[in-house]
Amino acid sequence: MDRNWVVLGVSLMLWGLLFIWILRVERRVRDVEKR
Amino acid sequence: MIWRILIFLWIATTMVVALLGAPLVPVLQETTRVLYFHIPSAWVTVLALGWSMINSVLYLIRRDMRNDDHAAAAAELGLVFCIVATVTGSIWAKSMWGSWWNWDPRETSIFFVLLIYGAYLALRGSIEGEEKRARLSAVYSIVAFVAVPPLIFVVPRIYSTLHPDPIINGSGKIDMDPMIRWCFFSMLLGFTFLFTWLQSLRVRVSRLERRLAT
């Protein structure tokens, strides 16, 4: 397999996971702020 | 929510274009890919530490805890991005120089930056009392940032290094393929947006911690 696709796949996966994690943290912060 | 998705798409699109569309730099070959993560991380490190210093100065002038929140959050994030820059640089060094760590002037400089800001966080964690912690941390942050420009920009230029030339070369020009340049600056912008998002989130957490503590 072309190495560019491997690097791209890993990069997008890590970035996607990080993005979802930040969104989850932000949602929890918002919940606590509302209390 | 829209701007968050825009940040995601911005960085993801740049990754796709950079890794599939942009050519490789002749000298760097396969390691060119590291460029799109390593330099933006180093850029955000300097930006974050500078923001921490500015807010530390503002804290000492205004004695407003919001400035202390910003200073602490920026120092933490600066340290995180500095670690990312160090790790990606180390991966690149292994590929180009055959060793993960060589005590090259660039590596030594970034190691000192990590130590200095690791000590900043240790200092914050060891002081009881909000006002005292904010005041001493602000002074430390200002003194610490004085060391950052010499360590990052001056030392590697004084001593001979194997590290590739800076992006802006000696004649003040950016010598890059147009596609690489577009991807590179797009990633710089994407990382900057990511930093501003994380910074605002960390500041909100600090305010919540204070609210819950009182």
# chains A, B, ... in the order shown; residues from 1 in each chain; ligands from 1

call {"tool": "residues_around", "arguments": {"residues": "region 193-200 of chain B", "least_positions_apart": "2", "cutoff": "7 Å", "atoms": "only C-alpha atoms", "output": "PyMOL selection string"}}
result
chain B and resi 7+73-74+189-191+202-204

call {"tool": "interface_residues", "arguments": {"of": "chain A", "to": "chain B", "cutoff": "9 Å", "atoms": "only C-alpha atoms", "output": "MDAnalysis selection string"}}
result
chainID A and resid 4:5 7:8 11:12 15:16 19 22:23 25:26 29 32:33

call {"tool": "select_by_dssp", "arguments": {"residues": "region 50-193 of chain B", "states": "alpha helix (DSSP H)", "output": "NGL selection string"}}
result
:B and (50-62 or 65-97 or 105-126 or 130-149 or 155-158 or 178-193)

call {"tool": "write_last_selection", "arguments": {"atoms": "C-alpha atoms", "output": "compact mmCIF listing (two decimals), in the first residue's frame"}}
result
# COMPACT_ATOMS: atom_id res chain seq x y z
CA GLY B 50 4.19 34.43 24.37
CA TRP B 51 0.47 34.65 25.23
CA SER B 52 1.29 33.32 28.70
CA MET B 53 3.92 36.03 29.15
CA ILE B 54 1.57 38.82 27.94
CA ASN B 55 -1.14 37.70 30.35
CA SER B 56 1.40 37.46 33.16
CA VAL B 57 2.35 41.09 32.56
CA LEU B 58 -1.34 42.05 32.44
CA TYR B 59 -1.94 40.18 35.70
CA LEU B 60 0.81 42.10 37.49
CA ILE B 61 -0.70 45.37 36.22
CA ARG B 62 -4.41 44.65 36.78
CA MET B 65 -7.44 36.45 37.96
CA ARG B 66 -8.73 36.06 34.41
CA ASN B 67 -5.26 37.00 33.19
CA ASP B 68 -3.75 34.39 35.49
CA ASP B 69 -6.14 31.79 34.06
CA HIS B 70 -5.05 32.70 30.54
CA ALA B 71 -1.35 32.66 31.48
CA ALA B 72 -1.56 29.23 33.13
CA ALA B 73 -3.67 27.71 30.34
CA ALA B 74 -1.33 29.02 27.64
CA ALA B 75 1.76 27.72 29.47
CA GLU B 76 0.17 24.26 29.81
CA LEU B 77 -0.82 24.18 26.14
CA GLY B 78 2.57 25.55 25.11
CA LEU B 79 4.18 22.66 26.96
CA VAL B 80 1.86 20.14 25.26
CA PHE B 81 2.62 21.52 21.79
CA CYS B 82 6.33 21.64 22.68
CA ILE B 83 6.17 17.92 23.51
CA VAL B 84 4.45 17.28 20.15
CA ALA B 85 7.19 19.26 18.38
CA THR B 86 9.88 17.32 20.27
CA VAL B 87 8.34 13.91 19.50
CA THR B 88 7.78 14.68 15.81
CA GLY B 89 11.31 16.14 15.61
CA SER B 90 12.69 13.01 17.22
CA ILE B 91 10.87 10.80 14.71
CA TRP B 92 12.36 12.90 11.93
CA ALA B 93 15.85 12.72 13.51
CA LYS B 94 15.66 8.92 13.69
CA SER B 95 14.88 8.77 10.00
CA MET B 96 17.42 11.38 8.83
CA TRP B 97 20.23 11.11 11.37
CA PRO B 105 21.59 22.59 19.32
CA ARG B 106 17.90 22.57 18.28
CA GLU B 107 17.17 19.51 20.40
CA THR B 108 19.10 20.89 23.35
CA SER B 109 17.23 24.21 23.08
CA ILE B 110 13.80 22.59 23.02
CA PHE B 111 14.84 20.36 25.94
CA PHE B 112 15.58 23.50 27.99
CA VAL B 113 12.22 25.02 27.01
CA LEU B 114 10.52 21.83 28.24
CA LEU B 115 12.45 21.99 31.52
CA ILE B 116 11.71 25.69 32.08
CA TYR B 117 7.95 25.36 31.54
CA GLY B 118 7.78 22.02 33.36
CA ALA B 119 9.24 23.94 36.33
CA TYR B 120 6.56 26.65 35.81
CA LEU B 121 3.80 24.07 36.26
CA ALA B 122 5.62 22.53 39.24
CA LEU B 123 5.85 26.02 40.77
CA ARG B 124 2.13 26.62 40.30
CA GLY B 125 1.33 23.27 41.87
CA SER B 126 3.51 23.89 44.92
CA GLU B 130 -4.47 31.92 44.81
CA GLU B 131 -3.03 35.44 44.86
CA LYS B 132 0.47 34.38 45.85
CA ARG B 133 0.49 31.62 43.22
CA ALA B 134 -0.69 34.00 40.51
CA ARG B 135 1.86 36.68 41.44
CA LEU B 136 4.91 34.40 41.64
CA SER B 137 3.87 32.46 38.54
CA ALA B 138 3.46 35.68 36.59
CA VAL B 139 6.99 36.81 37.51
CA TYR B 140 8.38 33.37 36.62
CA SER B 141 6.50 33.29 33.30
CA ILE B 142 7.91 36.68 32.27
CA VAL B 143 11.47 35.68 33.19
CA ALA B 144 11.01 32.28 31.51
CA PHE B 145 9.82 33.80 28.25
CA VAL B 146 12.92 35.99 28.07
CA ALA B 147 14.84 32.74 27.50
CA VAL B 148 12.54 31.44 24.75
CA PRO B 149 13.57 33.59 21.73
CA VAL B 155 21.26 29.40 19.77
CA PRO B 156 20.57 27.11 16.76
CA ARG B 157 21.89 29.84 14.45
CA ILE B 158 25.09 30.41 16.43
CA PRO B 178 4.12 26.61 -3.95
CA MET B 179 2.00 23.56 -3.04
CA ILE B 180 4.14 22.73 0.01
CA ARG B 181 4.01 26.39 1.03
CA TRP B 182 0.20 26.45 0.79
CA CYS B 183 -0.15 23.27 2.86
CA PHE B 184 2.43 24.47 5.36
CA PHE B 185 0.77 27.85 6.01
CA SER B 186 -2.68 26.28 6.00
CA MET B 187 -1.54 23.87 8.71
CA LEU B 188 0.02 26.74 10.68
CA LEU B 189 -3.36 28.47 10.60
CA GLY B 190 -5.21 25.26 11.48
CA PHE B 191 -2.97 24.65 14.51
CA THR B 192 -3.43 28.27 15.57
CA PHE B 193 -7.24 27.86 15.45

call {"tool": "closest_residue", "arguments": {"among": "B:Leu28, B:Ala48, B:Ile127, B:Leu151", "to": "His163 (chain B)", "atoms": "only C-alpha atoms"}}
result
B:Leu28

call {"tool": "atom_distance", "arguments": {"atom1": "CA of Trp43 (chain B)", "atom2": "CA of Asp64 (chain B)"}}
result
27.6 Å
